[in-house]
file protein_5.tsv (TSV, C-alpha atoms and all ligand atoms)
chain	number	residue	atom	x	y	z
A	1	MET	CA	-20.45	3.11	30.38
A	2	GLN	CA	-22.33	1.89	33.46
A	3	SER	CA	-25.85	0.60	33.33
A	4	ASN	CA	-27.53	0.49	36.71
A	5	PRO	CA	-30.98	1.80	37.56
A	6	GLY	CA	-31.57	4.63	40.01
A	7	ALA	CA	-33.24	3.90	43.35
A	8	ASP	CA	-36.56	4.38	41.57
A	9	GLY	CA	-35.73	1.53	39.20
A	10	PHE	CA	-35.42	3.59	36.03
A	11	PHE	CA	-32.82	2.90	33.34
A	12	GLY	CA	-33.10	6.33	31.71
A	13	GLU	CA	-36.81	6.57	30.88
A	14	TYR	CA	-37.32	2.78	30.98
A	15	GLY	CA	-38.39	0.48	33.79
A	16	GLY	CA	-39.99	1.97	36.90
A	17	GLN	CA	-43.05	0.81	38.83
A	18	PHE	CA	-46.30	1.75	37.12
A	19	LEU	CA	-48.54	0.14	39.70
A	20	PRO	CA	-50.88	1.16	42.56
A	21	GLN	CA	-49.22	2.42	45.74
A	22	PRO	CA	-49.91	-0.67	47.93
A	23	ILE	CA	-48.11	-2.90	45.40
A	24	LYS	CA	-45.19	-0.47	45.22
A	25	VAL	CA	-44.82	-0.77	49.00
A	26	ILE	CA	-44.49	-4.56	48.67
A	27	LEU	CA	-42.08	-4.25	45.74
A	28	ASN	CA	-39.92	-1.85	47.71
A	29	GLN	CA	-39.77	-4.34	50.59
A	30	LEU	CA	-38.64	-6.93	48.07
A	31	ALA	CA	-36.02	-4.51	46.71
A	32	ALA	CA	-34.71	-3.91	50.24
A	33	THR	CA	-34.51	-7.65	50.97
A	34	PHE	CA	-32.71	-8.22	47.68
A	35	GLU	CA	-30.16	-5.44	48.32
A	36	ALA	CA	-29.48	-6.71	51.84
A	37	SER	CA	-29.24	-10.34	50.71
A	38	ILE	CA	-26.63	-9.77	48.03
A	39	GLN	CA	-24.47	-8.01	50.61
A	40	ASP	CA	-24.77	-11.02	52.92
A	41	PRO	CA	-22.02	-13.59	52.31
A	42	ALA	CA	-24.22	-16.40	53.69
A	43	PHE	CA	-26.90	-15.69	51.06
A	44	VAL	CA	-24.37	-15.45	48.23
A	45	ARG	CA	-22.72	-18.70	49.38
A	46	GLU	CA	-26.05	-20.51	49.45
A	47	PHE	CA	-26.97	-19.23	45.97
A	48	GLU	CA	-23.59	-20.28	44.58
A	49	SER	CA	-23.75	-23.70	46.18
A	50	TYR	CA	-27.12	-24.47	44.54
A	51	LEU	CA	-25.80	-23.24	41.19
A	52	LYS	CA	-22.88	-25.61	41.53
A	53	ASP	CA	-24.35	-28.73	43.11
A	54	TYR	CA	-27.95	-28.54	41.91
A	55	SER	CA	-27.61	-27.01	38.46
A	56	GLY	CA	-24.10	-28.22	37.60
A	57	ARG	CA	-22.28	-24.91	37.15
A	58	PRO	CA	-19.93	-23.66	35.91
A	59	THR	CA	-21.18	-24.36	32.40
A	60	PRO	CA	-18.41	-24.81	29.80
A	61	LEU	CA	-17.28	-22.33	27.17
A	62	TYR	CA	-16.99	-24.47	24.07
A	63	PHE	CA	-15.03	-23.62	20.89
A	64	CYS	CA	-16.97	-24.66	17.74
A	65	ARG	CA	-14.02	-25.86	15.67
A	66	ASN	CA	-16.15	-27.38	12.89
A	67	LEU	CA	-18.64	-24.56	12.51
A	68	THR	CA	-15.85	-21.98	12.59
A	69	SER	CA	-13.83	-23.69	9.86
A	70	GLN	CA	-16.95	-24.24	7.74
A	71	LEU	CA	-17.88	-20.53	7.91
A	72	GLY	CA	-14.31	-19.35	7.40
A	73	GLY	CA	-14.27	-16.25	9.58
A	74	ALA	CA	-14.32	-15.34	13.27
A	75	LYS	CA	-13.94	-18.00	15.94
A	76	ILE	CA	-17.29	-19.03	17.40
A	77	TYR	CA	-17.56	-20.04	21.04
A	78	LEU	CA	-20.72	-21.23	22.80
A	79	LYS	CA	-21.50	-20.54	26.44
A	80	ARG	CA	-23.22	-23.81	27.27
A	81	GLU	CA	-26.25	-22.76	29.33
A	82	ASP	CA	-28.01	-25.73	27.73
A	83	LEU	CA	-26.05	-27.93	30.14
A	84	ASN	CA	-27.78	-26.55	33.22
A	85	HIS	CA	-30.26	-28.69	35.18
A	86	LEU	CA	-33.53	-28.70	33.15
A	87	GLY	CA	-31.66	-27.65	30.04
A	88	ALA	CA	-31.64	-23.84	30.09
A	89	HIS	CA	-30.47	-20.70	31.88
A	90	LYS	CA	-33.83	-20.17	33.60
A	91	ILE	CA	-32.81	-22.16	36.68
A	92	ASN	CA	-30.14	-19.54	37.61
A	93	ASN	CA	-32.94	-17.06	38.24
A	94	THR	CA	-35.46	-19.39	39.88
A	95	ILE	CA	-32.86	-20.54	42.42
A	96	GLY	CA	-31.99	-16.93	43.27
A	97	GLN	CA	-35.56	-15.72	43.65
A	98	ILE	CA	-36.74	-18.73	45.65
A	99	LEU	CA	-33.93	-18.15	48.15
A	100	LEU	CA	-35.24	-14.58	48.54
A	101	ALA	CA	-38.77	-15.94	49.04
A	102	LYS	CA	-37.44	-18.24	51.75
A	103	ARG	CA	-35.69	-15.31	53.46
A	104	MET	CA	-38.93	-13.33	53.41
A	105	GLY	CA	-40.75	-16.21	55.09
A	106	LYS	CA	-43.10	-16.77	52.14
A	107	LYS	CA	-44.89	-20.11	51.94
A	108	ARG	CA	-46.27	-19.96	48.43
A	109	ILE	CA	-44.76	-19.29	45.00
A	110	ILE	CA	-46.79	-17.82	42.14
A	111	ALA	CA	-45.41	-17.64	38.62
A	112	GLU	CA	-46.49	-17.20	35.02
A	113	THR	CA	-45.29	-19.30	32.15
A	114	GLY	CA	-45.56	-19.09	28.37
A	115	ALA	CA	-44.20	-22.24	26.78
A	116	GLY	CA	-43.79	-23.81	30.19
A	117	GLN	CA	-40.02	-23.60	30.61
A	118	HIS	CA	-40.12	-21.02	33.41
A	119	GLY	CA	-43.02	-22.91	34.99
A	120	VAL	CA	-40.99	-26.11	35.03
A	121	ALA	CA	-37.90	-24.41	36.48
A	122	THR	CA	-40.06	-22.71	39.14
A	123	SER	CA	-41.89	-25.94	40.01
A	124	ALA	CA	-38.57	-27.77	40.43
A	125	THR	CA	-37.08	-25.14	42.74
A	126	ALA	CA	-40.34	-24.90	44.74
A	127	ALA	CA	-40.20	-28.68	45.21
A	128	LEU	CA	-36.57	-28.34	46.28
A	129	MET	CA	-37.48	-25.74	48.94
A	130	GLY	CA	-40.70	-27.46	50.03
A	131	MET	CA	-42.94	-24.58	48.99
A	132	GLU	CA	-46.44	-24.57	47.56
A	133	CYS	CA	-46.41	-23.56	43.89
A	134	THR	CA	-49.12	-22.21	41.56
A	135	ILE	CA	-48.33	-21.61	37.89
A	136	TYR	CA	-50.54	-19.52	35.60
A	137	MET	CA	-50.48	-20.51	31.95
A	138	GLY	CA	-52.59	-19.39	28.98
A	139	ALA	CA	-55.28	-21.97	28.18
A	140	GLU	CA	-54.11	-21.94	24.55
A	141	ASP	CA	-50.49	-22.51	25.62
A	142	MET	CA	-51.60	-25.38	27.86
A	143	LYS	CA	-53.03	-27.17	24.82
A	144	ARG	CA	-49.86	-26.61	22.77
A	145	GLN	CA	-47.49	-27.58	25.59
A	146	ARG	CA	-49.29	-30.48	27.27
A	147	HIS	CA	-45.98	-32.11	28.07
A	148	ASN	CA	-44.77	-29.19	30.15
A	149	VAL	CA	-48.11	-28.98	31.98
A	150	PHE	CA	-47.60	-32.60	32.99
A	151	ARG	CA	-43.99	-31.95	34.00
A	152	MET	CA	-45.06	-29.09	36.30
A	153	GLU	CA	-47.76	-31.26	37.87
A	154	MET	CA	-45.28	-34.09	38.31
A	155	LEU	CA	-43.07	-31.64	40.21
A	156	GLY	CA	-45.96	-30.92	42.55
A	157	ALA	CA	-47.24	-27.60	41.14
A	158	ARG	CA	-50.82	-26.62	40.43
A	159	VAL	CA	-51.26	-25.27	36.88
A	160	VAL	CA	-54.09	-22.75	36.46
A	161	PRO	CA	-55.35	-21.89	32.95
A	162	ALA	CA	-55.56	-18.18	32.04
A	163	MET	CA	-58.84	-17.87	30.14
A	164	SER	CA	-58.85	-14.19	29.07
A	165	GLY	CA	-57.81	-12.61	25.73
A	166	GLN	CA	-55.49	-14.58	23.46
A	167	GLN	CA	-55.03	-17.12	26.32
A	168	THR	CA	-51.24	-16.94	26.04
A	169	LEU	CA	-48.33	-15.46	28.03
A	170	LYS	CA	-49.64	-11.91	28.43
A	171	GLU	CA	-52.89	-13.17	29.96
A	172	ALA	CA	-50.99	-15.61	32.19
A	173	VAL	CA	-49.00	-12.64	33.57
A	174	ASP	CA	-52.21	-10.60	34.09
A	175	GLU	CA	-53.83	-13.42	36.06
A	176	ALA	CA	-50.70	-14.33	38.02
A	177	ILE	CA	-50.33	-10.70	39.14
A	178	ALA	CA	-53.99	-10.63	40.22
A	179	ALA	CA	-53.56	-13.87	42.21
A	180	TRP	CA	-50.41	-12.52	43.86
A	181	VAL	CA	-52.08	-9.22	44.81
A	182	GLY	CA	-54.93	-11.26	46.32
A	183	ASP	CA	-52.54	-13.18	48.59
A	184	ILE	CA	-49.74	-10.68	48.91
A	185	ASP	CA	-48.62	-11.38	52.51
A	186	ASN	CA	-48.24	-15.09	52.03
A	187	SER	CA	-47.03	-15.40	48.44
A	188	PHE	CA	-43.98	-14.53	46.38
A	189	TYR	CA	-44.20	-13.68	42.66
A	190	LEU	CA	-41.32	-15.43	40.92
A	191	LEU	CA	-40.88	-13.63	37.60
A	192	GLY	CA	-39.23	-15.48	34.73
A	193	SER	CA	-37.34	-12.83	32.80
A	194	ALA	CA	-35.61	-9.46	33.12
A	195	VAL	CA	-38.97	-7.68	32.77
A	196	GLY	CA	-41.67	-6.41	35.15
A	197	PRO	CA	-41.60	-3.56	37.66
A	198	HIS	CA	-38.51	-2.66	39.72
A	199	PRO	CA	-36.76	-4.56	41.33
A	200	TYR	CA	-37.36	-7.58	39.04
A	201	PRO	CA	-35.17	-6.51	36.09
A	202	THR	CA	-32.30	-5.78	38.48
A	203	MET	CA	-32.73	-9.00	40.47
A	204	VAL	CA	-32.97	-11.18	37.39
A	205	LYS	CA	-29.87	-9.52	35.92
A	206	TYR	CA	-27.96	-10.17	39.14
A	207	PHE	CA	-28.92	-13.87	39.23
A	208	GLN	CA	-28.24	-14.38	35.51
A	209	SER	CA	-24.96	-12.45	35.49
A	210	VAL	CA	-23.23	-15.64	36.61
A	211	ILE	CA	-23.25	-16.40	32.86
A	212	SER	CA	-20.96	-13.49	31.99
A	213	LYS	CA	-18.87	-13.80	35.15
A	214	GLU	CA	-17.92	-17.30	34.09
A	215	ALA	CA	-17.67	-16.51	30.36
A	216	ARG	CA	-15.28	-13.61	31.04
A	217	GLU	CA	-12.89	-15.79	33.04
A	218	GLN	CA	-13.18	-18.65	30.57
A	219	ILE	CA	-12.43	-16.61	27.45
A	220	LEU	CA	-9.49	-14.89	29.18
A	221	GLU	CA	-8.13	-18.31	30.05
A	222	LYS	CA	-8.62	-19.73	26.54
A	223	GLU	CA	-7.76	-16.71	24.40
A	224	GLY	CA	-5.96	-14.33	26.72
A	225	ARG	CA	-8.29	-11.52	25.73
A	226	LEU	CA	-11.93	-10.40	25.71
A	227	PRO	CA	-14.23	-11.37	22.82
A	228	ASP	CA	-15.10	-8.95	20.03
A	229	TYR	CA	-18.79	-9.86	19.97
A	230	LEU	CA	-21.36	-11.32	22.33
A	231	VAL	CA	-24.54	-12.69	20.81
A	232	ALA	CA	-27.72	-13.73	22.65
A	233	CYS	CA	-31.38	-14.19	21.77
A	234	VAL	CA	-33.86	-11.78	23.34
A	235	GLY	CA	-37.32	-12.74	24.55
A	236	GLY	CA	-37.80	-10.88	27.82
A	237	GLY	CA	-34.05	-10.45	27.77
A	238	SER	CA	-32.78	-12.43	30.78
A	239	ASN	CA	-30.20	-14.68	29.12
A	240	ALA	CA	-28.99	-11.71	27.05
A	241	ILE	CA	-28.59	-9.36	30.02
A	242	GLY	CA	-26.89	-12.17	31.95
A	243	MET	CA	-24.46	-12.63	29.07
A	244	PHE	CA	-23.86	-8.86	28.66
A	245	ALA	CA	-23.70	-7.85	32.35
A	246	GLU	CA	-19.98	-8.19	33.07
A	247	PHE	CA	-18.97	-6.77	29.67
A	248	ILE	CA	-21.10	-3.60	29.54
A	249	LYS	CA	-18.15	-1.62	30.90
A	250	ASP	CA	-15.81	-3.02	28.20
A	251	GLU	CA	-16.78	-0.66	25.40
A	252	LYS	CA	-14.79	-2.64	22.82
A	253	VAL	CA	-16.91	-5.74	23.29
A	254	LYS	CA	-19.88	-5.40	20.92
A	255	LEU	CA	-23.19	-6.59	22.32
A	256	HIS	CA	-25.69	-8.10	19.87
A	257	GLY	CA	-29.21	-9.11	20.89
A	258	VAL	CA	-31.33	-11.12	18.45
A	259	GLU	CA	-35.11	-10.88	18.33
A	260	PRO	CA	-37.53	-13.16	16.45
A	261	SER	CA	-38.86	-11.78	13.14
A	262	GLY	CA	-41.06	-14.89	12.92
A	263	ARG	CA	-43.01	-15.35	9.69
A	264	SER	CA	-42.85	-11.71	8.58
A	265	MET	CA	-42.51	-8.20	9.97
A	266	ASN	CA	-46.31	-7.68	9.88
A	267	LEU	CA	-48.07	-7.14	13.20
A	268	GLY	CA	-48.92	-10.53	14.69
A	269	ASP	CA	-46.23	-12.42	12.79
A	270	HIS	CA	-43.19	-11.64	14.97
A	271	ALA	CA	-42.08	-10.60	18.47
A	272	ALA	CA	-39.32	-8.09	17.66
A	273	SER	CA	-40.16	-5.55	20.40
A	274	LEU	CA	-36.95	-3.51	20.25
A	275	THR	CA	-36.77	-3.56	16.46
A	276	THR	CA	-40.38	-2.57	15.69
A	277	GLY	CA	-41.87	-1.35	18.97
A	278	THR	CA	-42.22	2.07	20.61
A	279	PRO	CA	-42.03	2.91	24.32
A	280	GLY	CA	-45.11	1.93	26.29
A	281	ILE	CA	-46.20	0.58	29.66
A	282	LEU	CA	-47.16	-3.05	30.15
A	283	HIS	CA	-47.20	-5.12	33.37
A	284	GLY	CA	-45.97	-2.19	35.44
A	285	PHE	CA	-42.88	-1.07	33.51
A	286	ASN	CA	-41.98	1.17	30.57
A	287	SER	CA	-40.04	-0.32	27.65
A	288	TYR	CA	-40.12	-0.83	23.89
A	289	MET	CA	-43.41	-2.54	23.20
A	290	ILE	CA	-45.27	-3.97	20.22
A	291	LYS	CA	-48.61	-2.20	19.98
A	292	ASP	CA	-51.88	-2.95	18.24
A	293	HIS	CA	-53.78	-0.27	16.31
A	294	GLU	CA	-55.29	1.12	19.54
A	295	GLY	CA	-51.91	1.38	21.29
A	296	GLY	CA	-52.48	-1.66	23.54
A	297	PRO	CA	-50.09	-4.65	23.63
A	298	GLY	CA	-50.05	-6.20	20.15
A	299	PRO	CA	-50.31	-9.86	19.16
A	300	VAL	CA	-46.97	-11.67	18.92
A	301	TYR	CA	-45.66	-14.86	17.40
A	302	SER	CA	-42.40	-16.81	17.08
A	303	ILE	CA	-41.55	-20.40	16.22
A	304	ALA	CA	-39.73	-20.31	19.58
A	305	ALA	CA	-42.44	-20.05	22.23
A	306	GLY	CA	-39.94	-18.67	24.78
A	307	LEU	CA	-39.46	-15.51	22.70
A	308	ASP	CA	-43.03	-14.31	22.18
A	309	TYR	CA	-43.66	-11.43	24.58
A	310	PRO	CA	-44.78	-7.99	23.30
A	311	SER	CA	-42.38	-6.03	25.53
A	312	VAL	CA	-38.75	-6.49	26.61
A	313	GLY	CA	-36.55	-5.92	29.65
A	314	PRO	CA	-36.14	-2.16	30.26
A	315	GLU	CA	-32.34	-2.30	30.42
A	316	HIS	CA	-32.26	-3.51	26.81
A	317	SER	CA	-34.33	-0.47	25.77
A	318	PHE	CA	-31.80	1.72	27.56
A	319	LEU	CA	-28.77	-0.05	26.04
A	320	LYS	CA	-30.34	0.29	22.60
A	321	ASP	CA	-30.99	4.04	22.97
A	322	MET	CA	-27.46	4.56	24.35
A	323	GLY	CA	-26.04	2.67	21.38
A	324	ARG	CA	-24.19	0.34	23.77
A	325	ALA	CA	-25.99	-2.76	22.45
A	326	GLN	CA	-27.42	-3.41	19.00
A	327	TYR	CA	-30.46	-5.51	18.25
A	328	PHE	CA	-31.00	-7.63	15.15
A	329	THR	CA	-33.59	-10.15	14.02
A	330	ALA	CA	-33.65	-13.76	12.84
A	331	SER	CA	-36.73	-15.33	11.23
A	332	ASP	CA	-38.32	-18.72	11.92
A	333	GLN	CA	-36.56	-20.19	8.90
A	334	ASP	CA	-33.19	-18.65	9.93
A	335	ALA	CA	-33.61	-20.32	13.34
A	336	VAL	CA	-34.52	-23.66	11.74
A	337	ASN	CA	-31.46	-23.48	9.47
A	338	ALA	CA	-29.22	-22.73	12.45
A	339	PHE	CA	-30.89	-25.50	14.47
A	340	PHE	CA	-29.85	-28.04	11.81
A	341	ALA	CA	-26.45	-26.47	11.17
A	342	LEU	CA	-25.36	-26.64	14.80
A	343	SER	CA	-26.81	-30.13	15.22
A	344	ARG	CA	-24.91	-31.43	12.20
A	345	THR	CA	-21.57	-29.65	12.56
A	346	GLU	CA	-21.10	-29.87	16.32
A	347	GLY	CA	-23.58	-32.51	17.48
A	348	ILE	CA	-25.32	-29.95	19.67
A	349	VAL	CA	-29.08	-29.51	19.27
A	350	PRO	CA	-29.94	-25.94	20.35
A	351	ALA	CA	-33.28	-24.70	21.69
A	352	LEU	CA	-35.19	-22.87	18.94
A	353	GLU	CA	-34.83	-19.70	21.03
A	354	SER	CA	-31.03	-20.05	21.14
A	355	ALA	CA	-30.99	-20.96	17.43
A	356	HIS	CA	-31.90	-17.31	16.70
A	357	ALA	CA	-28.59	-16.26	18.27
A	358	VAL	CA	-26.71	-18.99	16.42
A	359	ALA	CA	-28.27	-17.80	13.13
A	360	HIS	CA	-27.01	-14.27	13.71
A	361	ALA	CA	-23.52	-15.48	14.62
A	362	MET	CA	-23.44	-17.61	11.47
A	363	ASN	CA	-24.19	-14.50	9.37
A	364	LEU	CA	-21.67	-12.40	11.25
A	365	ALA	CA	-18.69	-14.76	11.40
A	366	PRO	CA	-17.83	-14.88	7.65
A	367	THR	CA	-17.75	-11.03	7.53
A	368	LEU	CA	-15.02	-10.93	10.21
A	369	GLY	CA	-11.33	-11.81	10.34
A	370	ARG	CA	-10.11	-15.20	11.59
A	371	GLU	CA	-8.53	-13.60	14.66
A	372	GLU	CA	-11.86	-12.18	15.86
A	373	ILE	CA	-13.95	-13.90	18.51
A	374	ILE	CA	-17.72	-14.30	18.87
A	375	VAL	CA	-19.25	-15.76	22.02
A	376	VAL	CA	-22.82	-16.97	21.59
A	377	ASN	CA	-24.98	-17.66	24.60
A	378	LEU	CA	-26.54	-21.06	23.97
A	379	SER	CA	-29.45	-20.40	26.33
A	380	GLY	CA	-30.99	-23.88	26.13
A	381	ARG	CA	-31.02	-27.32	24.59
A	382	GLY	CA	-33.37	-28.33	21.79
A	383	ASP	CA	-34.77	-31.61	23.09
A	384	LYS	CA	-38.01	-29.83	23.97
A	385	ASP	CA	-38.36	-28.75	20.32
A	386	VAL	CA	-37.81	-32.03	18.54
A	387	ALA	CA	-41.50	-33.05	18.38
A	388	GLN	CA	-42.53	-29.58	17.15
A	389	MET	CA	-39.83	-29.65	14.46
A	390	GLU	CA	-40.93	-33.08	13.30
A	391	GLU	CA	-44.53	-31.92	13.01
A	392	MET	CA	-43.68	-28.65	11.22
A	393	LEU	CA	-41.45	-30.44	8.74
A	394	ALA	CA	-44.16	-33.03	8.08
A	395	ASN	CA	-46.88	-30.46	7.40
A	396	GLY	CA	-44.58	-28.21	5.38
A	397	THR	CA	-44.66	-25.16	7.73
A	398	ILE	CA	-40.86	-25.17	7.60
A	399	VAL	CA	-38.38	-26.72	5.22
A	400	GLN	CA	-35.24	-28.65	6.07
A	401	PRO	CA	-32.10	-26.97	4.73
A	402	GLU	CA	-29.96	-28.82	2.15
A	403	GLY	CA	-26.96	-30.89	3.22
A	501	LIG	C1	-37.22	-18.69	28.05
A	501	LIG	C2	-36.09	-18.89	27.15
A	501	LIG	C3	-35.52	-17.82	26.41
A	501	LIG	C4	-36.07	-16.43	26.44
A	501	LIG	O1	-36.04	-15.76	27.64
A	501	LIG	P1	-35.01	-14.60	27.97
A	501	LIG	O2	-35.54	-14.04	29.23
A	501	LIG	O3	-35.05	-13.62	26.83
A	501	LIG	O4	-33.68	-15.21	28.11
A	501	LIG	C5	-34.41	-18.08	25.63
A	501	LIG	N1	-33.90	-19.32	25.53
A	501	LIG	C6	-34.42	-20.37	26.19
A	501	LIG	C7	-33.80	-21.70	26.03
A	501	LIG	C8	-35.53	-20.19	27.02
A	501	LIG	O5	-36.04	-21.24	27.68
call {"tool": "encode", "arguments": {"input": "protein_5.tsv", "output": "structure tokens"}}
result
Amino acid sequence: MQSNPGADGFFGEYGGQFLPQPIKVILNQLAATFEASIQDPAFVREFESYLKDYSGRPTPLYFCRNLTSQLGGAKIYLKREDLNHLGAHKINNTIGQILLAKRMGKKRIIAETGAGQHGVATSATAALMGMECTIYMGAEDMKRQRHNVFRMEMLGARVVPAMSGQQTLKEAVDEAIAAWVGDIDNSFYLLGSAVGPHPYPTMVKYFQSVISKEAREQILEKEGRLPDYLVACVGGGSNAIGMFAEFIKDEKVKLHGVEPSGRSMNLGDHAASLTTGTPGILHGFNSYMIKDHEGGPGPVYSIAAGLDYPSVGPEHSFLKDMGRAQYFTASDQDAVNAFFALSRTEGIVPALESAHAVAHAMNLAPTLGREEIIVVNLSGRGDKDVAQMEEMLANGTIVQPEG
């Protein structure tokens, strides 16, 4: 199976550009620049050189000997995206998009951020390229993530609070889009996940597909064959689509995305868009979406702030409907258990987002034979989550697993 959008940016019925005509014109210019750039060896060379020398790629593919023998089933490998500069996969995408912005002669970068991770990666790359940078962040998120606000400011960005609605990620996107539209000739909207109107899902997939390009070569070198399963957590879906990209054509490789089921499956307690949502349009694209009782975007929650968005990248909706990928859930407590398990067996502290993928792999491995292979995308490191874990353990929101 192939999974590429048509010229109109639709993956089946998902994706598209549900925006006013003047914005579509700008997006189509961006799409044209992107298509031309990835055909230009000089652009590709520059992108690859920043990935290597700035972010430290290639990231290793690590065999979890201890965890595998403890679980007694399939071999578990980790693709170590946590070892990138700034500790997550997000930098792959911000480097790619900022090079496009530079090509287009833009002077100013606008971005949204939820927990602050995309804002930090964007601020760093804007500093690197000498560009002005404005980050929109929900006022509520700014209170919860004061550290990341300070990091962005340290990197030279201006952080603007989004004051509407729930004052979280959705509102930050609304206000960032409005700011971009108000300064559209001068500014570039640097989107943080494989969501949004065409061409963003396609661009983000391209920049993140370095993950699966490397992983494919690395597993062939280590095992002489392709893996049986790929597992990745799904927020907007960028690390997952980057992990899946080069394997979509290999029908035997099973693709598992893992969404957060949070505290419960009740509306407002989770962010499992593909598992519980229905198709709907948000922020200019059609995809599975969590809805409130009026059909608008519903409230979302996850222990992992990087996973709480009420929609999801359109290609994942398409892969789900086609049956090419399957989507599962892991709860807050599952993620916490996996966070401790990986820390204690391998000495690797995962991001709480990535811990959702680890949790799923830990359930899956014992049901499989010892010759089978699971590759988990470890999207980020958990240092950013240590203070939150300490607080939640102290006030009893979560419990520490035995052992
Ligand atoms: C932001 C983030 C995610 C979620 O975003 P995707 O676009 O779904 O990949 C996952 N893991 C980490 C470490 C993150 O920072």
call {"tool": "residues_near_ligand", "arguments": {"input": "protein_5.tsv", "ligand": "ligand LIG 501 (chain A)", "cutoff": "7 Å", "atoms": "all atoms listed in the file", "output": "ChimeraX atom specification"}}
result
/A:88-90,117-118,192-194,233-240,306-307,351,353-354,379-381
call {"tool": "write_last_selection", "arguments": {"input": "protein_5.tsv", "atoms": "C-alpha atoms", "output": "CSV table (one decimal), keeping the file's coordinate frame"}}
result
chain,number,residue,atom,x,y,z
A,88,ALA,CA,-31.6,-23.8,30.1
A,89,HIS,CA,-30.5,-20.7,31.9
A,90,LYS,CA,-33.8,-20.2,33.6
A,117,GLN,CA,-40.0,-23.6,30.6
A,118,HIS,CA,-40.1,-21.0,33.4
A,192,GLY,CA,-39.2,-15.5,34.7
A,193,SER,CA,-37.3,-12.8,32.8
A,194,ALA,CA,-35.6,-9.5,33.1
A,233,CYS,CA,-31.4,-14.2,21.8
A,234,VAL,CA,-33.9,-11.8,23.3
A,235,GLY,CA,-37.3,-12.7,24.6
A,236,GLY,CA,-37.8,-10.9,27.8
A,237,GLY,CA,-34.0,-10.4,27.8
A,238,SER,CA,-32.8,-12.4,30.8
A,239,ASN,CA,-30.2,-14.7,29.1
A,240,ALA,CA,-29.0,-11.7,27.0
A,306,GLY,CA,-39.9,-18.7,24.8
A,307,LEU,CA,-39.5,-15.5,22.7
A,351,ALA,CA,-33.3,-24.7,21.7
A,353,GLU,CA,-34.8,-19.7,21.0
A,354,SER,CA,-31.0,-20.0,21.1
A,379,SER,CA,-29.4,-20.4,26.3
A,380,GLY,CA,-31.0,-23.9,26.1
A,381,ARG,CA,-31.0,-27.3,24.6
call {"tool": "residues_around", "arguments": {"input": "protein_5.tsv", "residues": "Pro199 of chain A", "least_positions_apart": "3", "cutoff": "9 Å", "atoms": "all atoms listed in the file", "output": "PDB file with C-alpha atoms, in the frame of the given file"}}
result
ATOM      1  CA  ASP A   8     -36.560   4.380  41.570  1.00  0.00           C
ATOM      2  CA  GLY A   9     -35.730   1.530  39.200  1.00  0.00           C
ATOM      3  CA  GLY A  16     -39.990   1.970  36.900  1.00  0.00           C
ATOM      4  CA  GLN A  17     -43.050   0.810  38.830  1.00  0.00           C
ATOM      5  CA  LEU A  27     -42.080  -4.250  45.740  1.00  0.00           C
ATOM      6  CA  ASN A  28     -39.920  -1.850  47.710  1.00  0.00           C
ATOM      7  CA  LEU A  30     -38.640  -6.930  48.070  1.00  0.00           C
ATOM      8  CA  ALA A  31     -36.020  -4.510  46.710  1.00  0.00           C
ATOM      9  CA  PHE A  34     -32.710  -8.220  47.680  1.00  0.00           C
ATOM     10  CA  GLY A 196     -41.670  -6.410  35.150  1.00  0.00           C
ATOM     11  CA  THR A 202     -32.300  -5.780  38.480  1.00  0.00           C
ATOM     12  CA  MET A 203     -32.730  -9.000  40.470  1.00  0.00           C
ATOM     13  CA  VAL A 204     -32.970 -11.180  37.390  1.00  0.00           C
TER      14      VAL A 204
END
call {"tool": "closest_residue", "arguments": {"input": "protein_5.tsv", "among": "A:Gly156, A:Glu35, A:Gly284, A:Thr278", "to": "Pro20 of chain A", "atoms": "all atoms listed in the file"}}
result
A:Gly284
call {"tool": "closest_residue", "arguments": {"input": "protein_5.tsv", "among": "A:Leu319, A:Ala172, A:Met131, A:Ala304", "to": "Phe11 of chain A", "atoms": "all atoms listed in the file"}}
result
A:Leu319
call {"tool": "atom_distance", "arguments": {"input": "protein_5.tsv", "atom1": "atom CA of Ala325 of chain A", "atom2": "atom CA of Leu255 of chain A"}}
result
4.7 Å
call {"tool": "closest_residue", "arguments": {"input": "protein_5.tsv", "among": "A:Phe339, A:Tyr77, A:Tyr189, A:Phe207", "to": "Tyr50 of chain A", "atoms": "all atoms listed in the file"}}
result
A:Phe207
call {"tool": "atom_distance", "arguments": {"input": "protein_5.tsv", "atom1": "atom CA of Met154 of chain A", "atom2": "atom CA of Ala139 of chain A"}}
result
18.7 Å
call {"tool": "atom_distance", "arguments": {"input": "protein_5.tsv", "atom1": "atom CA of Val44 of chain A", "atom2": "atom CA of Leu128 of chain A"}}
result
17.9 Å
